[in-house]
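Undergrad: Input: one structure, supplied below.
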Amino acid sequence: MTLKATLAGGLAALALMAGMAAAGPVKVGMITTLSGGGAGLGIDVRDGFALALKLAGEAGSAVTLIVEDDQQKPDIAVQIADKMIQSDQVDVLTGIIWSNLAMAVVPSAVAQGRFYLSPNAGPSALAGAGCDKNYFNVAWQNDNLHEAAGAYANSAGYKNSFMLAPNYPAGTDAIAGYKRFYEGAAAGEVYTQLGQTDYAAEIAQIRASGADSVFFFLPGGMGIAFMKQYAQSGVGIPLVGPAFSFDQNILQAVGDAALGVRNTSQWSKDLDNAANAAFVAAYQAEYGRLPSLYSSQGYDTANLLLSAMAKAEVSDQDGFRAALEAADFASVRGDFRFGPNHHPIQDIHVREVVKEGDIYTNKVIGIALEDHGDAYAAECRM
């Protein structure tokens with residue numbers, strides 16, 4: 001298929017969505033990180049979500065979107081959620097980036113009869129015994145991309161990995177996921193402080209460990225700081241990680257130090273499907289930059305919401321829930337469906353960091369895990 005045909009097909013799909021009759025108005029409360037070191041992640045989720053609403057035309061205009069900054073603080077996120085539920089009377093909550101904030105907000109929100117659609121955080125506690133009929137994760141369960149990194153490490157022949165992640169729910173899930181699929185030995189396993197920016201001690205440990213590879217999960221500003229310091233250290237042991245450490249915005253800050261690094265992701269800007277081609281083009285036209293992983297997740301979350309609104313009123317909770325479960329929308333990642341715990345089943349790709357002109361980005365080089373669910377679904381009882 002030519003790029004022109006792909007774009008035409010994607011724009012036709014967007015036009016079809018724009019023509020859908022929305023069931024009725026829905027008020028959405030987006031709690032996300034818009035300031036501090038993690039701001040880029042929340043901004044991209046917000047912008048991807050807003051773009052989907054704009055492209056949906058009349059259907060998108062039926063959504064009232066309220067956006068507030070959680071400042072990456074659980075207590076602030078809880079305060080905002082309480083206000084949105086009690087004062088703003090939102091129907092749906094979304095937007096949280098960080099798993100510790102999700103754990104502070106989601107259980108109470110769904111207990112009060114609100115739907116929560118996660119565009120990012122996917123802690124294991126909400127995928128297993130703590131699952132809920134009104135909680136949907138549109139991105140991944142936290143372990144998934146790390147599981148794929150472990151599978152890739154095996155195929156690359158790595159036998160002795162040093163593992164590094166921040167000490168919060170997504171960090172512990174990351175190393176658990178990597179070890180679930182990685183078959184080699186552990187040269188070291190270190191949990192850093194959340195928000196840490198000085199990694200001299202950890203890099204010294206890596207240097208002395210005898211590792212043949214380094215698996216690390218450090219999203220946002222943490223990843224930028226680590227990558228720059230690691231490159232300057234000259235340690236030179238190959239790096240493996242999830243997309244969060246090699247996302248579009250991080251790469252521009254890291255530069256040449258990231259070139260050639262392999263990472264795992266359920267999405268990439270070069271995935272060959274019509275919805276993705278249209279999304280990438282529309283996002284660049286709207287914002288003047290390439291979309292990130294987080295942009296794609298915000299966009300898919302909004303389109304899931306719109307697909308449910310076309311089928312049921314949000315006041316009909318059973319009908320609206322069934323419409324969400326159907327996931328009847330064209331995901332930018334291609335094939336997508338929910339498992340029994342409302343978490344994705346999807347392909348997870350291996351990408352390589354490359355440079356296209358002056359822009360650092362990723363290209364898909366293979367699939368690490370195909371049609372992959374999560375390890376906790378069997379524990380979920382809805």
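Chain labels run A, B, ... following the order of the structure tokens; each chain numbers its residues from 1, and ligands are numbered from 1 in the order shown.
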Residues at most 8 Å from Asn249 of chain A, counting only C-alpha atoms, excluding those fewer than 2 positions away in the same chain, as a PyMOL selection string?

TA: chain A and resi 40+247+251-253+292

Undergrad: Would you please give, as a PyMOL selection string, all residues of segment 183-283 of chain A that DSSP assigns to strand (DSSP E or B) based on the backbone?

TA: chain A and resi 185-192+213-216+239-242+262-265

Undergrad: Those selected residues, please, written with C-alpha atoms and delivered as a compact mmCIF listing (two decimals), in the first residue's frame.

TA:
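Output file part-v3.txt follows:
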# COMPACT_ATOMS: atom_id res chain seq x y z
CA ALA A 185 21.45 -14.38 35.42
CA ALA A 186 21.18 -11.10 37.34
CA ALA A 187 24.44 -9.17 37.56
CA GLY A 188 22.66 -6.72 39.85
CA GLU A 189 19.20 -5.44 40.75
CA VAL A 190 18.92 -1.86 41.96
CA TYR A 191 15.95 0.37 42.79
CA THR A 192 16.60 4.11 42.62
CA SER A 213 23.76 -6.00 29.28
CA VAL A 214 21.84 -3.36 31.24
CA PHE A 215 18.06 -3.38 31.48
CA PHE A 216 16.72 -0.08 32.75
CA LEU A 239 21.43 -1.14 27.00
CA VAL A 240 17.98 -2.72 26.70
CA GLY A 241 14.77 -1.15 27.87
CA PRO A 242 11.13 -0.32 27.29
CA ARG A 262 16.95 -1.57 21.09
CA ASN A 263 13.72 -0.97 23.00
CA THR A 264 10.25 -2.49 23.19
CA SER A 265 6.91 -0.83 22.50

Undergrad: Which residues come within 12 Å of Ala165 of chain A, counting only C-alpha atoms, excluding same-chain residues fewer than 3 positions away, as a PyMOL selection string?

TA: chain A and resi 146+162+168-178+188-196+199+202+214-219+222-223+226+241-242+244-245

Undergrad: Write to file, as an mmCIF file, in the first residue's frame, the residues of the selection just made, with N, CA and C atoms.

TA:
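Output contents, as saved in again31.cif:
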data_model
loop_
_atom_site.group_PDB
_atom_site.id
_atom_site.type_symbol
_atom_site.label_atom_id
_atom_site.label_comp_id
_atom_site.auth_asym_id
_atom_site.auth_seq_id
_atom_site.Cartn_x
_atom_site.Cartn_y
_atom_site.Cartn_z
ATOM 1 N N HIS A 146 8.308 -4.579 29.570
ATOM 2 C CA HIS A 146 9.505 -5.124 30.209
ATOM 3 C C HIS A 146 9.613 -6.634 29.948
ATOM 4 N N PHE A 162 22.291 -6.494 34.232
ATOM 5 C CA PHE A 162 22.133 -5.603 35.384
ATOM 6 C C PHE A 162 20.793 -4.898 35.212
ATOM 7 N N TYR A 168 9.089 2.456 42.904
ATOM 8 C CA TYR A 168 7.646 2.729 43.020
ATOM 9 C C TYR A 168 6.943 1.624 42.249
ATOM 10 N N PRO A 169 5.591 1.542 42.289
ATOM 11 C CA PRO A 169 4.931 0.351 41.729
ATOM 12 C C PRO A 169 5.330 -0.009 40.304
ATOM 13 N N ALA A 170 5.459 0.982 39.417
ATOM 14 C CA ALA A 170 5.826 0.662 38.039
ATOM 15 C C ALA A 170 7.263 0.154 37.943
ATOM 16 N N GLY A 171 8.127 0.600 38.859
ATOM 17 C CA GLY A 171 9.505 0.131 38.851
ATOM 18 C C GLY A 171 9.620 -1.320 39.284
ATOM 19 N N THR A 172 8.905 -1.697 40.334
ATOM 20 C CA THR A 172 8.936 -3.089 40.769
ATOM 21 C C THR A 172 8.271 -3.991 39.730
ATOM 22 N N ASP A 173 7.181 -3.498 39.108
ATOM 23 C CA ASP A 173 6.540 -4.261 38.027
ATOM 24 C C ASP A 173 7.504 -4.431 36.848
ATOM 25 N N ALA A 174 8.321 -3.399 36.587
ATOM 26 C CA ALA A 174 9.242 -3.445 35.447
ATOM 27 C C ALA A 174 10.251 -4.581 35.595
ATOM 28 N N ILE A 175 10.899 -4.645 36.735
ATOM 29 C CA ILE A 175 11.911 -5.685 36.925
ATOM 30 C C ILE A 175 11.258 -7.058 37.033
ATOM 31 N N ALA A 176 10.070 -7.120 37.658
ATOM 32 C CA ALA A 176 9.348 -8.400 37.707
ATOM 33 C C ALA A 176 9.015 -8.877 36.299
ATOM 34 N N GLY A 177 8.584 -7.947 35.437
ATOM 35 C CA GLY A 177 8.241 -8.314 34.064
ATOM 36 C C GLY A 177 9.454 -8.771 33.274
ATOM 37 N N TYR A 178 10.566 -8.049 33.420
ATOM 38 C CA TYR A 178 11.787 -8.429 32.709
ATOM 39 C C TYR A 178 12.232 -9.831 33.118
ATOM 40 N N GLY A 188 23.018 -7.666 38.801
ATOM 41 C CA GLY A 188 22.659 -6.716 39.846
ATOM 42 C C GLY A 188 21.212 -6.318 39.687
ATOM 43 N N GLU A 189 20.596 -5.890 40.776
ATOM 44 C CA GLU A 189 19.195 -5.441 40.751
ATOM 45 C C GLU A 189 19.083 -4.266 41.709
ATOM 46 N N VAL A 190 18.874 -3.074 41.170
ATOM 47 C CA VAL A 190 18.924 -1.856 41.963
ATOM 48 C C VAL A 190 17.665 -1.029 41.737
ATOM 49 N N TYR A 191 17.085 -0.549 42.848
ATOM 50 C CA TYR A 191 15.948 0.369 42.790
ATOM 51 C C TYR A 191 16.412 1.755 43.215
ATOM 52 N N THR A 192 16.187 2.732 42.359
ATOM 53 C CA THR A 192 16.602 4.109 42.624
ATOM 54 C C THR A 192 15.442 4.906 43.207
ATOM 55 N N GLN A 193 15.736 6.121 43.613
ATOM 56 C CA GLN A 193 14.680 7.007 44.092
ATOM 57 C C GLN A 193 13.863 7.526 42.904
ATOM 58 N N LEU A 194 12.565 7.670 43.088
ATOM 59 C CA LEU A 194 11.707 8.246 42.055
ATOM 60 C C LEU A 194 12.083 9.712 41.876
ATOM 61 N N GLY A 195 12.382 10.105 40.652
ATOM 62 C CA GLY A 195 12.792 11.476 40.376
ATOM 63 C C GLY A 195 14.285 11.719 40.485
ATOM 64 N N GLN A 196 15.058 10.681 40.754
ATOM 65 C CA GLN A 196 16.517 10.816 40.901
ATOM 66 C C GLN A 196 17.153 11.318 39.600
ATOM 67 N N TYR A 199 23.148 9.521 38.782
ATOM 68 C CA TYR A 199 23.284 8.065 38.729
ATOM 69 C C TYR A 199 24.740 7.607 38.787
ATOM 70 N N GLU A 202 25.128 4.272 40.734
ATOM 71 C CA GLU A 202 24.582 3.124 40.014
ATOM 72 C C GLU A 202 25.455 2.752 38.823
ATOM 73 N N VAL A 214 22.504 -4.146 30.196
ATOM 74 C CA VAL A 214 21.836 -3.362 31.242
ATOM 75 C C VAL A 214 20.388 -3.169 30.826
ATOM 76 N N PHE A 215 19.473 -3.681 31.655
ATOM 77 C CA PHE A 215 18.059 -3.385 31.477
ATOM 78 C C PHE A 215 17.714 -2.240 32.413
ATOM 79 N N PHE A 216 17.122 -1.162 31.860
ATOM 80 C CA PHE A 216 16.717 -0.076 32.748
ATOM 81 C C PHE A 216 15.375 0.496 32.342
ATOM 82 N N PHE A 217 14.613 0.899 33.344
ATOM 83 C CA PHE A 217 13.332 1.575 33.175
ATOM 84 C C PHE A 217 13.415 2.869 33.978
ATOM 85 N N LEU A 218 13.578 3.994 33.271
ATOM 86 C CA LEU A 218 13.663 5.303 33.904
ATOM 87 C C LEU A 218 12.926 6.295 33.011
ATOM 88 N N PRO A 219 11.633 6.500 33.234
ATOM 89 C CA PRO A 219 10.858 7.370 32.329
ATOM 90 C C PRO A 219 11.130 8.851 32.561
ATOM 91 N N MET A 222 14.201 11.267 34.392
ATOM 92 C CA MET A 222 15.138 10.285 34.950
ATOM 93 C C MET A 222 15.921 9.598 33.839
ATOM 94 N N GLY A 223 15.227 9.216 32.777
ATOM 95 C CA GLY A 223 15.869 8.539 31.666
ATOM 96 C C GLY A 223 16.858 9.431 30.939
ATOM 97 N N PHE A 226 19.998 9.672 33.168
ATOM 98 C CA PHE A 226 20.779 8.437 33.179
ATOM 99 C C PHE A 226 21.507 8.228 31.860
ATOM 100 N N GLY A 241 15.813 -1.715 27.020
ATOM 101 C CA GLY A 241 14.771 -1.149 27.873
ATOM 102 C C GLY A 241 13.452 -1.028 27.160
ATOM 103 N N PRO A 242 12.437 -0.575 27.888
ATOM 104 C CA PRO A 242 11.126 -0.320 27.289
ATOM 105 C C PRO A 242 11.117 1.035 26.595
ATOM 106 N N PHE A 244 9.615 3.643 27.236
ATOM 107 C CA PHE A 244 9.565 4.816 28.111
ATOM 108 C C PHE A 244 10.927 5.483 28.257
ATOM 109 N N SER A 245 11.978 4.703 28.140
ATOM 110 C CA SER A 245 13.319 5.261 28.272
ATOM 111 C C SER A 245 13.887 5.745 26.941
#

Undergrad: Could you tell me which of A:Glu147, A:Glu379, A:Asp374, A:Asp318 comes closest to Gly122 of chain A if we count only C-alpha atoms?

TA: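 Among the listed residues, A:Asp374 lies closest to Gly122 of chain A.
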
Undergrad: So that I can see what lies close to Ile85 of chain A, please list as a PyMOL selection string the residues with an atom at most 12 Å from it, counting only C-alpha atoms and leaving out residues fewer than 2 positions away in the same chain.

TA: chain A and resi 27-31+66+78-83+87-93+105-106+108-116

Undergrad: I'd like the neighbourhood of Ile345 of chain A as a JSON list (two decimals) with N, CA and C atoms, in the first residue's frame, where a residue qualifies if any of its atoms comes within 9 Å (using only C-alpha atoms), though same-chain residues fewer than 2 positions away should be ignored.

TA:
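Result saved to result-v2.json:
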[["chain", "number", "residue", "atom", "x", "y", "z"],
["A", 140, "TRP", "N", -1.30, -0.58, 28.45],
["A", 140, "TRP", "CA", -0.61, -1.84, 28.71],
["A", 140, "TRP", "C", -0.71, -2.09, 30.21],
["A", 335, "ASP", "N", -3.94, -4.21, 15.63],
["A", 335, "ASP", "CA", -4.83, -5.10, 16.36],
["A", 335, "ASP", "C", -4.79, -4.78, 17.85],
["A", 336, "PHE", "N", -6.00, -4.68, 18.43],
["A", 336, "PHE", "CA", -6.13, -4.34, 19.84],
["A", 336, "PHE", "C", -7.44, -4.92, 20.35],
["A", 337, "ARG", "N", -7.36, -5.56, 21.51],
["A", 337, "ARG", "CA", -8.59, -5.98, 22.19],
["A", 337, "ARG", "C", -8.31, -6.06, 23.68],
["A", 338, "PHE", "N", -9.38, -6.06, 24.47],
["A", 338, "PHE", "CA", -9.22, -6.17, 25.91],
["A", 338, "PHE", "C", -9.27, -7.63, 26.34],
["A", 339, "GLY", "N", -8.44, -7.96, 27.33],
["A", 339, "GLY", "CA", -8.53, -9.24, 27.99],
["A", 339, "GLY", "C", -9.63, -9.21, 29.04],
["A", 343, "HIS", "N", -7.49, -5.18, 30.33],
["A", 343, "HIS", "CA", -6.15, -4.76, 29.94],
["A", 343, "HIS", "C", -5.88, -5.26, 28.52],
["A", 347, "ASP", "N", 0.29, -6.85, 20.12],
["A", 347, "ASP", "CA", 1.69, -7.13, 19.77],
["A", 347, "ASP", "C", 2.60, -6.11, 20.45],
["A", 370, "GLU", "N", 3.94, -11.54, 20.54],
["A", 370, "GLU", "CA", 2.78, -11.42, 19.66],
["A", 370, "GLU", "C", 1.49, -11.72, 20.42],
["A", 371, "ASP", "N", 0.48, -10.86, 20.19],
["A", 371, "ASP", "CA", -0.85, -11.08, 20.77],
["A", 371, "ASP", "C", -0.73, -11.33, 22.28],
["A", 372, "HIS", "N", -0.06, -10.42, 22.95],
["A", 372, "HIS", "CA", 0.37, -10.63, 24.33],
["A", 372, "HIS", "C", -0.58, -10.00, 25.33],
["A", 373, "GLY", "N", -0.97, -10.76, 26.34],
["A", 373, "GLY", "CA", -1.79, -10.26, 27.44],
["A", 373, "GLY", "C", -0.93, -9.95, 28.65],
["A", 374, "ASP", "N", -1.44, -10.26, 29.84],
["A", 374, "ASP", "CA", -0.66, -10.00, 31.04],
["A", 374, "ASP", "C", -0.74, -11.16, 32.01]]

Undergrad: Write out as a PyMOL selection string the set of residues from segment 33-281 of chain A that DSSP, computed on the backbone, places in helix (DSSP H, G or I).

TA: chain A and resi 39-55+58-61+74-86+99-111+124-126+144-155+169-181+200-208+221-233+243-246+248-258+274-281

Undergrad: Rounded to one decimal place, report the atom CA of Ala285 of chain A-atom CA of Ile365 of chain A distance in Å.

TA: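 Value for the atom CA of Ala285 of chain A-atom CA of Ile365 of chain A distance: 26.6 Å.
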